[in-house]
>>> print(open('data.txt').read())   # compact mmCIF, C-alpha atoms
# COMPACT_ATOMS: atom_id res chain seq x y z
CA MET A 1 32.41 -54.80 74.32
CA LYS A 2 32.21 -51.09 75.15
CA ILE A 3 31.05 -48.99 78.08
CA THR A 4 27.94 -47.05 77.10
CA ARG A 5 26.79 -45.59 80.41
CA ILE A 6 28.14 -44.90 83.90
CA ALA A 7 25.67 -43.97 86.62
CA ALA A 8 26.16 -43.30 90.33
CA TYR A 9 23.58 -43.57 93.11
CA GLN A 10 23.82 -42.06 96.58
CA VAL A 11 22.48 -44.15 99.46
CA ASP A 12 22.50 -43.66 103.23
CA LEU A 13 23.47 -46.64 105.38
CA PRO A 14 22.39 -46.15 109.03
CA LEU A 15 24.21 -48.25 111.62
CA VAL A 16 22.51 -51.08 113.50
CA GLU A 17 24.16 -49.93 116.73
CA GLY A 18 23.36 -46.29 115.98
CA ASN A 19 26.93 -45.05 116.31
CA TYR A 20 30.45 -46.09 115.36
CA ALA A 21 33.27 -44.37 117.25
CA TRP A 22 37.03 -44.64 116.92
CA SER A 23 40.13 -42.65 117.88
CA GLU A 24 40.31 -38.96 118.71
CA GLY A 25 36.57 -38.65 119.28
CA LYS A 26 35.65 -39.41 115.66
CA PHE A 27 32.31 -41.07 115.01
CA VAL A 28 29.71 -41.78 112.33
CA THR A 29 25.99 -42.57 112.65
CA THR A 30 25.08 -42.96 108.97
CA PHE A 31 27.40 -43.86 106.11
CA ASP A 32 27.14 -42.05 102.79
CA SER A 33 27.75 -44.66 100.11
CA THR A 34 27.96 -44.46 96.32
CA VAL A 35 26.85 -47.32 94.08
CA VAL A 36 28.38 -47.27 90.59
CA ARG A 37 26.61 -48.86 87.63
CA VAL A 38 28.51 -49.59 84.40
CA GLU A 39 26.43 -50.53 81.35
CA THR A 40 27.75 -51.98 78.08
CA ASP A 41 26.65 -52.26 74.46
CA SER A 42 26.24 -56.02 74.92
CA GLY A 43 23.66 -55.61 77.68
CA VAL A 44 25.96 -56.85 80.47
CA VAL A 45 25.84 -54.54 83.50
CA GLY A 46 28.25 -54.39 86.44
CA HIS A 47 28.10 -52.71 89.84
CA GLY A 48 30.58 -51.39 92.37
CA GLU A 49 30.38 -49.42 95.59
CA VAL A 50 32.55 -46.86 97.38
CA CYS A 51 31.93 -45.74 100.97
CA PRO A 52 34.52 -43.58 102.75
CA LEU A 53 34.49 -43.69 106.56
CA GLY A 54 33.37 -40.08 106.71
CA PRO A 55 35.68 -37.24 105.64
CA VAL A 56 38.07 -37.45 108.62
CA TYR A 57 39.48 -40.96 108.32
CA LEU A 58 41.41 -41.07 105.03
CA PRO A 59 41.93 -38.50 102.24
CA ALA A 60 38.53 -39.43 100.82
CA TYR A 61 34.96 -38.19 101.19
CA ALA A 62 31.59 -39.25 99.82
CA ASN A 63 30.90 -36.24 97.59
CA GLY A 64 34.42 -36.63 96.20
CA VAL A 65 33.46 -40.01 94.76
CA ARG A 66 30.58 -38.52 92.79
CA THR A 67 32.51 -35.44 91.71
CA GLY A 68 35.41 -37.60 90.52
CA LEU A 69 33.11 -39.89 88.57
CA ALA A 70 31.57 -36.90 86.79
CA GLU A 71 35.12 -35.80 85.90
CA ILE A 72 36.47 -39.02 84.42
CA GLY A 73 33.29 -40.86 83.43
CA PRO A 74 32.70 -39.19 80.04
CA GLN A 75 36.19 -40.15 78.94
CA LEU A 76 35.64 -43.83 79.82
CA LEU A 77 32.72 -44.26 77.46
CA GLY A 78 33.70 -46.55 74.59
CA GLN A 79 36.35 -48.35 76.65
CA ASP A 80 36.32 -52.14 76.97
CA PRO A 81 35.40 -52.92 80.63
CA THR A 82 36.94 -56.40 80.44
CA ARG A 83 40.41 -55.00 79.69
CA LEU A 84 41.09 -54.04 83.27
CA ALA A 85 44.77 -53.08 83.03
CA PRO A 86 44.29 -50.60 80.17
CA LEU A 87 41.15 -49.25 81.86
CA ASN A 88 43.03 -48.60 85.10
CA ARG A 89 45.89 -46.92 83.27
CA ARG A 90 43.38 -44.67 81.54
CA MET A 91 41.72 -43.73 84.83
CA ASP A 92 45.10 -42.91 86.35
CA TYR A 93 45.90 -40.75 83.32
CA LEU A 94 42.60 -38.90 83.54
CA LEU A 95 42.75 -38.26 87.30
CA LYS A 96 46.01 -38.10 89.20
CA GLY A 97 45.64 -39.67 92.63
CA HIS A 98 42.21 -40.03 94.26
CA PRO A 99 42.22 -43.84 93.98
CA TYR A 100 38.94 -44.17 95.86
CA VAL A 101 37.12 -42.39 93.02
CA LYS A 102 38.19 -45.15 90.62
CA SER A 103 37.40 -48.08 92.90
CA GLY A 104 33.69 -48.37 92.11
CA ILE A 105 34.30 -48.43 88.37
CA ASP A 106 37.03 -51.05 88.70
CA ILE A 107 34.82 -53.28 90.90
CA ALA A 108 31.93 -52.93 88.46
CA CYS A 109 34.20 -53.96 85.59
CA TRP A 110 35.31 -57.08 87.49
CA ASP A 111 31.61 -57.82 87.95
CA ILE A 112 31.19 -57.53 84.17
CA LEU A 113 34.27 -59.67 83.47
CA GLY A 114 32.97 -62.42 85.75
CA GLN A 115 29.59 -62.41 84.04
CA VAL A 116 31.20 -62.58 80.60
CA ALA A 117 33.49 -65.42 81.70
CA GLY A 118 30.67 -67.21 83.53
CA LEU A 119 32.78 -67.31 86.71
CA PRO A 120 32.61 -65.82 90.21
CA VAL A 121 35.05 -62.95 90.64
CA CYS A 122 36.99 -64.89 93.29
CA GLU A 123 37.94 -67.48 90.65
CA LEU A 124 39.32 -64.70 88.44
CA LEU A 125 41.22 -63.21 91.39
CA GLY A 126 43.21 -66.39 91.90
CA GLY A 127 40.80 -69.16 92.84
CA ARG A 128 38.75 -70.02 95.90
CA PHE A 129 40.54 -71.28 99.03
CA GLY A 130 38.44 -73.43 101.35
CA GLU A 131 34.71 -73.45 101.92
CA ASP A 132 34.52 -70.02 103.54
CA HIS A 133 36.69 -67.37 105.17
CA VAL A 134 37.11 -65.80 108.59
CA LEU A 135 35.63 -62.47 109.73
CA TYR A 136 36.41 -59.99 112.49
CA ARG A 137 34.04 -57.75 114.40
CA ALA A 138 34.97 -54.13 114.96
CA ILE A 139 34.07 -52.95 118.47
CA SER A 140 33.18 -49.26 118.63
CA GLN A 141 34.98 -47.23 121.29
CA GLU A 142 33.10 -47.17 124.60
CA SER A 143 33.89 -47.88 128.23
CA PRO A 144 35.95 -51.00 129.00
CA GLU A 145 32.89 -52.71 130.47
CA GLN A 146 30.68 -51.92 127.47
CA MET A 147 33.29 -53.10 125.00
CA ALA A 148 33.83 -56.34 126.90
CA ALA A 149 30.08 -56.94 126.90
CA LYS A 150 29.91 -56.30 123.15
CA VAL A 151 32.73 -58.77 122.52
CA ALA A 152 31.03 -61.43 124.64
CA GLY A 153 27.81 -60.89 122.68
CA TYR A 154 29.47 -61.09 119.29
CA ARG A 155 31.45 -64.10 120.37
CA ALA A 156 28.14 -65.84 121.05
CA GLU A 157 27.22 -65.08 117.41
CA GLY A 158 30.28 -66.95 116.18
CA TYR A 159 32.98 -64.30 115.81
CA ARG A 160 36.45 -65.26 117.01
CA ARG A 161 38.40 -62.14 115.98
CA PHE A 162 37.78 -58.75 117.51
CA GLN A 163 39.15 -55.35 116.55
CA LEU A 164 38.90 -52.94 119.49
CA LYS A 165 38.73 -49.26 118.66
CA VAL A 166 41.27 -47.67 120.98
CA GLY A 167 43.51 -44.65 120.31
CA GLY A 168 42.04 -42.55 123.12
CA ASN A 169 43.32 -41.89 126.63
CA ALA A 170 46.16 -44.34 127.27
CA ALA A 171 44.92 -45.41 130.70
CA ASP A 172 41.42 -46.01 129.34
CA ASP A 173 42.79 -47.99 126.42
CA ILE A 174 44.87 -50.21 128.69
CA ALA A 175 41.69 -50.92 130.67
CA ARG A 176 39.76 -51.61 127.44
CA ILE A 177 42.32 -54.14 126.24
CA ARG A 178 42.49 -55.94 129.57
CA ALA A 179 38.72 -56.01 130.06
CA VAL A 180 38.16 -57.58 126.67
CA ALA A 181 41.05 -60.02 127.03
CA ASP A 182 39.38 -61.35 130.16
CA VAL A 183 36.26 -62.48 128.25
CA LEU A 184 38.08 -64.19 125.38
CA GLU A 185 38.61 -67.92 125.03
CA PRO A 186 41.40 -70.02 123.52
CA GLY A 187 41.59 -69.55 119.76
CA ASP A 188 40.21 -66.01 119.79
CA LYS A 189 42.27 -63.16 118.37
CA LEU A 190 42.30 -59.63 119.79
CA ILE A 191 43.43 -56.56 117.84
CA ALA A 192 43.85 -53.16 119.52
CA ASP A 193 43.35 -50.71 116.67
CA ALA A 194 44.38 -47.16 117.52
CA ASN A 195 43.60 -45.78 114.05
CA THR A 196 46.63 -43.41 114.31
CA GLY A 197 45.25 -41.97 117.58
CA TRP A 198 48.24 -42.25 119.91
CA LEU A 199 51.30 -40.09 120.09
CA PRO A 200 54.44 -42.22 120.34
CA HIS A 201 54.82 -41.76 124.09
CA GLU A 202 51.20 -42.85 124.61
CA ALA A 203 51.59 -45.86 122.35
CA LEU A 204 54.74 -46.89 124.18
CA ARG A 205 52.92 -46.64 127.49
CA VAL A 206 50.12 -48.89 126.23
CA VAL A 207 52.30 -51.59 124.66
CA ASN A 208 54.43 -51.77 127.80
CA ALA A 209 51.35 -52.05 130.02
CA VAL A 210 49.77 -54.89 128.01
CA ARG A 211 52.91 -56.80 127.06
CA ASP A 212 51.59 -59.84 128.95
CA VAL A 213 48.32 -59.86 126.93
CA ASP A 214 47.85 -61.86 123.72
CA VAL A 215 46.96 -58.83 121.57
CA TYR A 216 47.90 -57.40 118.18
CA ILE A 217 48.76 -53.69 118.03
CA GLU A 218 47.33 -51.98 114.96
CA GLN A 219 48.36 -48.59 113.53
CA PRO A 220 49.28 -46.95 116.85
CA CYS A 221 50.50 -43.64 115.44
CA ALA A 222 49.89 -41.32 112.52
CA THR A 223 53.07 -41.83 110.51
CA TYR A 224 55.05 -44.79 109.28
CA GLU A 225 58.15 -43.53 111.10
CA GLU A 226 56.33 -43.17 114.43
CA CYS A 227 54.84 -46.65 114.08
CA SER A 228 58.30 -48.02 113.33
CA VAL A 229 59.57 -46.65 116.64
CA ILE A 230 56.85 -48.51 118.52
CA ARG A 231 57.38 -51.65 116.44
CA ALA A 232 61.02 -51.69 117.51
CA LYS A 233 60.11 -51.42 121.19
CA THR A 234 57.48 -54.15 121.52
CA SER A 235 57.38 -57.90 120.99
CA LEU A 236 53.62 -57.83 120.40
CA PRO A 237 52.52 -58.66 116.83
CA PHE A 238 52.09 -55.54 114.74
CA VAL A 239 49.56 -54.52 112.07
CA LEU A 240 49.75 -51.51 109.74
CA ASP A 241 46.70 -50.03 108.05
CA GLU A 242 46.31 -46.33 107.30
CA VAL A 243 49.92 -45.78 106.21
CA ILE A 244 49.74 -48.65 103.71
CA ASP A 245 48.17 -46.40 101.12
CA GLY A 246 49.80 -47.73 97.96
CA HIS A 247 52.15 -50.32 96.55
CA ASP A 248 55.19 -48.16 97.28
CA MET A 249 54.43 -48.09 101.01
CA LEU A 250 53.74 -51.81 101.02
CA VAL A 251 57.13 -52.46 99.41
CA ARG A 252 58.76 -50.25 102.04
CA CYS A 253 56.94 -52.09 104.82
CA ILE A 254 58.11 -55.44 103.48
CA ALA A 255 61.71 -54.26 103.14
CA ASP A 256 61.74 -52.88 106.69
CA ARG A 257 59.78 -55.78 108.17
CA ALA A 258 57.67 -53.06 109.72
CA ALA A 259 54.60 -55.24 110.32
CA ASP A 260 53.44 -58.82 110.74
CA ALA A 261 50.15 -58.12 108.97
CA VAL A 262 48.80 -55.37 106.74
CA ASN A 263 45.27 -54.21 106.03
CA ILE A 264 44.34 -53.95 102.36
CA LYS A 265 41.36 -51.68 101.80
CA ILE A 266 40.02 -52.02 98.28
CA SER A 267 39.10 -48.36 97.70
CA LYS A 268 42.34 -47.10 99.23
CA PHE A 269 44.24 -48.89 96.45
CA GLY A 270 41.74 -47.92 93.76
CA GLY A 271 39.75 -51.12 93.24
CA LEU A 272 40.14 -54.88 93.04
CA THR A 273 42.82 -54.75 90.32
CA LYS A 274 45.35 -52.93 92.49
CA ALA A 275 44.18 -54.49 95.76
CA LYS A 276 44.83 -57.93 94.25
CA LEU A 277 48.36 -56.87 93.33
CA ALA A 278 48.93 -55.65 96.91
CA ARG A 279 47.49 -58.86 98.33
CA ASP A 280 49.66 -61.04 96.13
CA LEU A 281 52.78 -59.02 96.93
CA ALA A 282 52.15 -59.25 100.68
CA VAL A 283 51.43 -62.97 100.54
CA SER A 284 54.56 -63.63 98.46
CA GLN A 285 56.63 -62.10 101.25
CA GLY A 286 54.99 -63.99 104.10
CA LEU A 287 52.78 -61.21 105.46
CA ALA A 288 49.31 -61.89 106.77
CA VAL A 289 46.59 -59.70 105.26
CA THR A 290 43.26 -58.32 106.35
CA ILE A 291 41.01 -57.86 103.32
CA GLU A 292 38.47 -55.07 103.77
CA ASP A 293 37.49 -51.56 102.71
CA SER A 294 36.83 -48.24 104.42
CA TRP A 295 33.15 -49.13 104.80
CA GLY A 296 30.14 -50.05 102.67
CA GLY A 297 27.03 -52.14 102.22
CA ASP A 298 26.15 -55.28 100.29
CA ILE A 299 28.19 -54.56 97.16
CA VAL A 300 31.39 -53.62 98.98
CA THR A 301 30.91 -56.69 101.18
CA ALA A 302 30.61 -58.87 98.08
CA ALA A 303 33.82 -57.44 96.60
CA ILE A 304 35.66 -57.93 99.91
CA SER A 305 34.44 -61.51 100.14
CA HIS A 306 35.65 -62.39 96.64
CA LEU A 307 39.13 -61.00 97.35
CA ALA A 308 39.26 -62.62 100.79
CA HIS A 309 38.06 -66.00 99.54
CA SER A 310 40.77 -66.00 96.87
CA THR A 311 43.48 -65.37 99.50
CA PRO A 312 45.45 -68.38 100.80
CA THR A 313 43.82 -69.37 104.09
CA GLU A 314 47.01 -69.32 106.10
CA HIS A 315 47.74 -65.75 104.98
CA LEU A 316 44.25 -64.35 105.52
CA PHE A 317 44.46 -62.74 108.95
CA THR A 318 40.82 -61.72 108.76
CA SER A 319 38.14 -59.97 106.74
CA THR A 320 34.84 -58.21 107.40
CA ASP A 321 31.10 -58.25 106.74
CA PHE A 322 30.13 -54.58 106.58
CA ASN A 323 26.59 -55.32 105.45
CA SER A 324 25.81 -56.76 108.90
CA TYR A 325 26.66 -53.41 110.54
CA VAL A 326 24.03 -51.40 108.65
CA THR A 327 20.23 -51.42 108.56
CA THR A 328 19.74 -51.00 104.80
CA SER A 329 20.22 -53.73 102.21
CA ILE A 330 21.12 -52.38 98.77
CA ALA A 331 21.55 -55.62 96.81
CA GLU A 332 20.15 -59.14 96.59
CA GLY A 333 22.56 -62.07 96.57
CA ALA A 334 25.14 -60.42 98.83
CA PRO A 335 27.10 -62.79 101.07
CA GLN A 336 25.92 -63.14 104.65
CA ARG A 337 27.86 -64.14 107.73
CA VAL A 338 27.34 -67.56 109.30
CA ASP A 339 28.97 -68.20 112.69
CA GLY A 340 31.56 -65.48 112.18
CA ARG A 341 32.48 -66.67 108.70
CA MET A 342 31.46 -65.88 105.13
CA LYS A 343 31.70 -67.32 101.63
CA ALA A 344 31.84 -65.54 98.30
CA SER A 345 28.98 -66.10 95.89
CA ASP A 346 29.31 -68.96 93.40
CA GLN A 347 27.36 -67.00 90.77
CA PRO A 348 29.09 -65.27 87.82
CA GLY A 349 30.56 -61.86 88.63
CA LEU A 350 29.99 -60.48 92.12
CA GLY A 351 26.75 -62.47 92.32
CA ILE A 352 24.61 -59.49 93.38
CA GLN A 353 21.65 -57.62 91.97
CA PRO A 354 21.17 -54.05 93.23
CA ARG A 355 17.84 -53.07 94.74
CA MET A 356 17.00 -50.23 92.39
CA ASP A 357 13.97 -49.26 94.49
CA VAL A 358 16.38 -48.53 97.35
CA LEU A 359 18.95 -46.73 95.19
CA GLY A 360 16.44 -44.44 93.53
CA LYS A 361 17.47 -42.07 90.75
CA PRO A 362 21.14 -41.59 89.78
CA VAL A 363 22.95 -38.51 91.02
CA VAL A 364 25.53 -38.88 88.24
CA ASP A 365 24.47 -40.13 84.82
CA ILE A 366 26.96 -40.30 81.95
CA SER A 367 26.05 -41.71 78.56
>>> encode(input="data.txt", output="structure tokens")
Amino acid sequence: MKITRIAAYQVDLPLVEGNYAWSEGKFVTTFDSTVVRVETDSGVVGHGEVCPLGPVYLPAYANGVRTGLAEIGPQLLGQDPTRLAPLNRRMDYLLKGHPYVKSGIDIACWDILGQVAGLPVCELLGGRFGEDHVLYRAISQESPEQMAAKVAGYRAEGYRRFQLKVGGNAADDIARIRAVADVLEPGDKLIADANTGWLPHEALRVVNAVRDVDVYIEQPCATYEECSVIRAKTSLPFVLDEVIDGHDMLVRCIADRAADAVNIKISKFGGLTKAKLARDLAVSQGLAVTIEDSWGGDIVTAAISHLAHSTPTEHLFTSTDFNSYVTTSIAEGAPQRVDGRMKASDQPGLGIQPRMDVLGKPVVDIS
């Protein structure tokens, strides 16, 4: 089997709530997503998706996905999409760094592999654990009262894990954490995610002020070293996200016992192939993992669900359902949340079919 065509489609994904805000005043109203289509000489077609959280979150941006695909795509024609290790090595040879550019192609090739094997991708990623898997709800940064009300509303929809966007003024963030903690019930989990927004002295002030609250502290500061300082000064459970940007940093985190859980974003690692390796490494060393991506619609959500559903239940801290945050559906067959939980498709591959009427004409077309 050989790749005969790679096409990319740009699609806007407006937010249901109209706005998503996190640390340092950053916000997005509409996500710019790229759907990648990989065609083969056997007629099997796979799809992936890449959606950076704007240009100010990670070293990634939407136009960079399309530009990178135009750079490496011509040199991937003729490659076997089911030979994922050689394909990834070739992509890394053709483009140093920029893992997010490669993620959509890798996901699409897993979709193809699953269709060829007649198996859902989660079975190829290690096998399905349980009937479904747990989700969290991200709570956009607002006033303490508004965030508490949002949590109460989403709790009524079945969510039991909530990721508060903090990383602003320390006093405000302390109030946010306490206001939300007051509306939770036994069994709920609360994560205060600063998204690198605090300086160390601010982070220390917050963790000291909420040390009596059952809350996880996520990525308080910008660097690994700064986070390690806070980790050493709090007994609250600790999550690292933005600084876990490759297998080398994950190995360092494990060696230092710098976190109790890590977030594995598929596009940050470069696709399902490398995200699976990170997941398996973390699980082997007793870390809990959140399986997610920077953002996305139906296709990203499907990829997340397959990786999450193939993660041992006791190690899956949480996962996410990005397609419920946006107003536009880009694929049929995508998994949907039920009572704060989700299950990966049981159809071969990712189990999705893109809505070509929504995607329109390709903005990159390589054949």
>>> residues_around(input="data.txt", residues="Asp193 of chain A", least_positions_apart="6", cutoff="9 Å", atoms="all atoms listed in the file", output="count of residues only")
13
>>> atom_distance(input="data.txt", atom1="atom CA of Ala258 of chain A", atom2="atom CA of Val206 of chain A")
18.6 Å
>>> residues_around(input="data.txt", residues="Glu157 of chain A", least_positions_apart="3", cutoff="10 Å", atoms="only C-alpha atoms", output="compact mmCIF listing (two decimals) with C-alpha atoms, in the coordinates of the input")
# COMPACT_ATOMS: atom_id res chain seq x y z
CA VAL A 151 32.73 -58.77 122.52
CA ALA A 152 31.03 -61.43 124.64
CA GLY A 153 27.81 -60.89 122.68
CA TYR A 154 29.47 -61.09 119.29
CA ARG A 160 36.45 -65.26 117.01
CA ARG A 337 27.86 -64.14 107.73
CA VAL A 338 27.34 -67.56 109.30
CA ASP A 339 28.97 -68.20 112.69
CA GLY A 340 31.56 -65.48 112.18
>>> closest_residue(input="data.txt", among="A:Ile291, A:Ser33, A:Met1, A:Arg137", to="Leu77 of chain A", atoms="only C-alpha atoms")
A:Met1
>>> atom_distance(input="data.txt", atom1="atom CA of Asp357 of chain A", atom2="atom CA of Ala7 of chain A")
15.1 Å
>>> atom_distance(input="data.txt", atom1="atom CA of Val251 of chain A", atom2="atom CA of Leu281 of chain A")
8.3 Å
>>> residues_around(input="data.txt", residues="Ala278 of chain A", least_positions_apart="3", cutoff="12 Å", atoms="all atoms listed in the file", output="ChimeraX atom specification")
/A:244-251,253-254,262-266,268-275,281-285,287-291,307,311
>>> closest_residue(input="data.txt", among="A:Ala171, A:Val207, A:Leu135, A:Val213", to="Lys233 of chain A", atoms="all atoms listed in the file")
A:Val207
>>> closest_atom_pairs(input="data.txt", of="segment 37-117 of chain A", to="segment 17-21 of chain A", cutoff="12 Å", atoms="only C-alpha atoms", output="JSON lines")
{"residue": "A:Leu53", "atom": "CA", "partner": "A:Tyr20", "partner_atom": "CA", "distance": 10.0}
{"residue": "A:Gly54", "atom": "CA", "partner": "A:Tyr20", "partner_atom": "CA", "distance": 10.9}
{"residue": "A:Tyr57", "atom": "CA", "partner": "A:Ala21", "partner_atom": "CA", "distance": 11.4}
>>> closest_residue(input="data.txt", among="A:Thr40, A:Thr34, A:Gln115, A:Thr82", to="Asp298 of chain A", atoms="all atoms listed in the file")
A:Thr34
>>> residues_near_point(input="data.txt", point="(39.5, -53.8, 121.1)", cutoff="12 Å", atoms="all atoms listed in the file", output="tab-separated table (two decimals) with C-alpha atoms, in the frame of the given file")
chain	number	residue	atom	x	y	z
A	21	ALA	CA	33.27	-44.37	117.25
A	22	TRP	CA	37.03	-44.64	116.92
A	23	SER	CA	40.13	-42.65	117.88
A	136	TYR	CA	36.41	-59.99	112.49
A	137	ARG	CA	34.04	-57.75	114.40
A	138	ALA	CA	34.97	-54.13	114.96
A	139	ILE	CA	34.07	-52.95	118.47
A	140	SER	CA	33.18	-49.26	118.63
A	141	GLN	CA	34.98	-47.23	121.29
A	142	GLU	CA	33.10	-47.17	124.60
A	143	SER	CA	33.89	-47.88	128.23
A	144	PRO	CA	35.95	-51.00	129.00
A	145	GLU	CA	32.89	-52.71	130.47
A	146	GLN	CA	30.68	-51.92	127.47
A	147	MET	CA	33.29	-53.10	125.00
A	148	ALA	CA	33.83	-56.34	126.90
A	149	ALA	CA	30.08	-56.94	126.90
A	150	LYS	CA	29.91	-56.30	123.15
A	151	VAL	CA	32.73	-58.77	122.52
A	152	ALA	CA	31.03	-61.43	124.64
A	161	ARG	CA	38.40	-62.14	115.98
A	162	PHE	CA	37.78	-58.75	117.51
A	163	GLN	CA	39.15	-55.35	116.55
A	164	LEU	CA	38.90	-52.94	119.49
A	165	LYS	CA	38.73	-49.26	118.66
A	166	VAL	CA	41.27	-47.67	120.98
A	167	GLY	CA	43.51	-44.65	120.31
A	168	GLY	CA	42.04	-42.55	123.12
A	172	ASP	CA	41.42	-46.01	129.34
A	173	ASP	CA	42.79	-47.99	126.42
A	174	ILE	CA	44.87	-50.21	128.69
A	175	ALA	CA	41.69	-50.92	130.67
A	176	ARG	CA	39.76	-51.61	127.44
A	177	ILE	CA	42.32	-54.14	126.24
A	178	ARG	CA	42.49	-55.94	129.57
A	179	ALA	CA	38.72	-56.01	130.06
A	180	VAL	CA	38.16	-57.58	126.67
A	181	ALA	CA	41.05	-60.02	127.03
A	182	ASP	CA	39.38	-61.35	130.16
A	183	VAL	CA	36.26	-62.48	128.25
A	184	LEU	CA	38.08	-64.19	125.38
A	189	LYS	CA	42.27	-63.16	118.37
A	190	LEU	CA	42.30	-59.63	119.79
A	191	ILE	CA	43.43	-56.56	117.84
A	192	ALA	CA	43.85	-53.16	119.52
A	193	ASP	CA	43.35	-50.71	116.67
A	194	ALA	CA	44.38	-47.16	117.52
A	195	ASN	CA	43.60	-45.78	114.05
A	214	ASP	CA	47.85	-61.86	123.72
A	215	VAL	CA	46.96	-58.83	121.57
A	216	TYR	CA	47.90	-57.40	118.18
A	217	ILE	CA	48.76	-53.69	118.03
A	218	GLU	CA	47.33	-51.98	114.96
>>> closest_residue(input="data.txt", among="A:Asp293, A:Asp106, A:Asp280, A:Asp12", to="Leu58 of chain A", atoms="only C-alpha atoms")
A:Asp293
>>> closest_residue(input="data.txt", among="A:Ala117, A:Ala303, A:Ile107, A:Ala203", to="Glu226 of chain A", atoms="all atoms listed in the file")
A:Ala203
>>> closest_residue(input="data.txt", among="A:Thr234, A:Thr67, A:Thr223, A:Val363", to="Ala209 of chain A", atoms="all atoms listed in the file")
A:Thr234
>>> axis_aligned_box(input="data.txt", around="segment 119-136 of chain A", padding_each_side="3 Å", output="JSON")
{"center_x": 37.9, "center_y": -66.7, "center_z": 99.6, "size_x": 16.6, "size_y": 19.5, "size_z": 31.8}
>>> residues_near_point(input="data.txt", point="(36.2, -51.3, 76.3)", cutoff="12 Å", atoms="all atoms listed in the file", output="number ranges by chain")
A: 1-5, 38-42, 75-88, 90, 109, 112-113
>>> residues_around(input="data.txt", residues="Val35 of chain A", least_positions_apart="5", cutoff="9 Å", atoms="all atoms listed in the file", output="ChimeraX atom specification")
/A:7-11,47-51,104,299,330,354,359
>>> build_atoms(input="data.txt", residues="segment 310-321 of chain A", atoms="N, CA, C and O atoms", output="PDB file, in the frame of the given file")
ATOM      1  N   SER A 310      39.710 -65.606  97.802  1.00  0.00           N
ATOM      2  CA  SER A 310      40.770 -66.000  96.870  1.00  0.00           C
ATOM      3  C   SER A 310      42.159 -65.778  97.463  1.00  0.00           C
ATOM      4  O   SER A 310      43.162 -65.842  96.748  1.00  0.00           O
ATOM      5  N   THR A 311      42.220 -65.549  98.775  1.00  0.00           N
ATOM      6  CA  THR A 311      43.480 -65.370  99.500  1.00  0.00           C
ATOM      7  C   THR A 311      43.838 -66.667 100.208  1.00  0.00           C
ATOM      8  O   THR A 311      42.970 -67.271 100.843  1.00  0.00           O
ATOM      9  N   PRO A 312      45.081 -67.139 100.102  1.00  0.00           N
ATOM     10  CA  PRO A 312      45.450 -68.380 100.800  1.00  0.00           C
ATOM     11  C   PRO A 312      45.051 -68.325 102.274  1.00  0.00           C
ATOM     12  O   PRO A 312      45.321 -67.338 102.965  1.00  0.00           O
ATOM     13  N   THR A 313      44.409 -69.364 102.751  1.00  0.00           N
ATOM     14  CA  THR A 313      43.820 -69.370 104.090  1.00  0.00           C
ATOM     15  C   THR A 313      44.820 -69.016 105.171  1.00  0.00           C
ATOM     16  O   THR A 313      44.511 -68.255 106.093  1.00  0.00           O
ATOM     17  N   GLU A 314      46.019 -69.555 105.056  1.00  0.00           N
ATOM     18  CA  GLU A 314      47.010 -69.320 106.100  1.00  0.00           C
ATOM     19  C   GLU A 314      47.512 -67.882 106.119  1.00  0.00           C
ATOM     20  O   GLU A 314      48.080 -67.427 107.123  1.00  0.00           O
ATOM     21  N   HIS A 315      47.310 -67.146 105.043  1.00  0.00           N
ATOM     22  CA  HIS A 315      47.740 -65.750 104.980  1.00  0.00           C
ATOM     23  C   HIS A 315      46.609 -64.766 105.260  1.00  0.00           C
ATOM     24  O   HIS A 315      46.865 -63.579 105.438  1.00  0.00           O
ATOM     25  N   LEU A 316      45.367 -65.248 105.260  1.00  0.00           N
ATOM     26  CA  LEU A 316      44.250 -64.350 105.520  1.00  0.00           C
ATOM     27  C   LEU A 316      44.102 -64.173 107.025  1.00  0.00           C
ATOM     28  O   LEU A 316      43.575 -65.044 107.727  1.00  0.00           O
ATOM     29  N   PHE A 317      44.565 -63.037 107.514  1.00  0.00           N
ATOM     30  CA  PHE A 317      44.460 -62.740 108.950  1.00  0.00           C
ATOM     31  C   PHE A 317      42.999 -62.620 109.327  1.00  0.00           C
ATOM     32  O   PHE A 317      42.529 -63.230 110.278  1.00  0.00           O
ATOM     33  N   THR A 318      42.258 -61.831 108.555  1.00  0.00           N
ATOM     34  CA  THR A 318      40.820 -61.720 108.760  1.00  0.00           C
ATOM     35  C   THR A 318      40.202 -60.878 107.659  1.00  0.00           C
ATOM     36  O   THR A 318      40.888 -60.356 106.786  1.00  0.00           O
ATOM     37  N   SER A 319      38.882 -60.771 107.692  1.00  0.00           N
ATOM     38  CA  SER A 319      38.140 -59.970 106.740  1.00  0.00           C
ATOM     39  C   SER A 319      36.904 -59.430 107.460  1.00  0.00           C
ATOM     40  O   SER A 319      36.785 -59.586 108.675  1.00  0.00           O
ATOM     41  N   THR A 320      35.969 -58.832 106.711  1.00  0.00           N
ATOM     42  CA  THR A 320      34.840 -58.210 107.400  1.00  0.00           C
ATOM     43  C   THR A 320      33.556 -58.326 106.600  1.00  0.00           C
ATOM     44  O   THR A 320      33.570 -58.560 105.391  1.00  0.00           O
ATOM     45  N   ASP A 321      32.450 -58.122 107.307  1.00  0.00           N
ATOM     46  CA  ASP A 321      31.100 -58.250 106.740  1.00  0.00           C
ATOM     47  C   ASP A 321      30.337 -56.947 106.999  1.00  0.00           C
ATOM     48  O   ASP A 321      29.416 -56.901 107.807  1.00  0.00           O
TER      49      ASP A 321
END
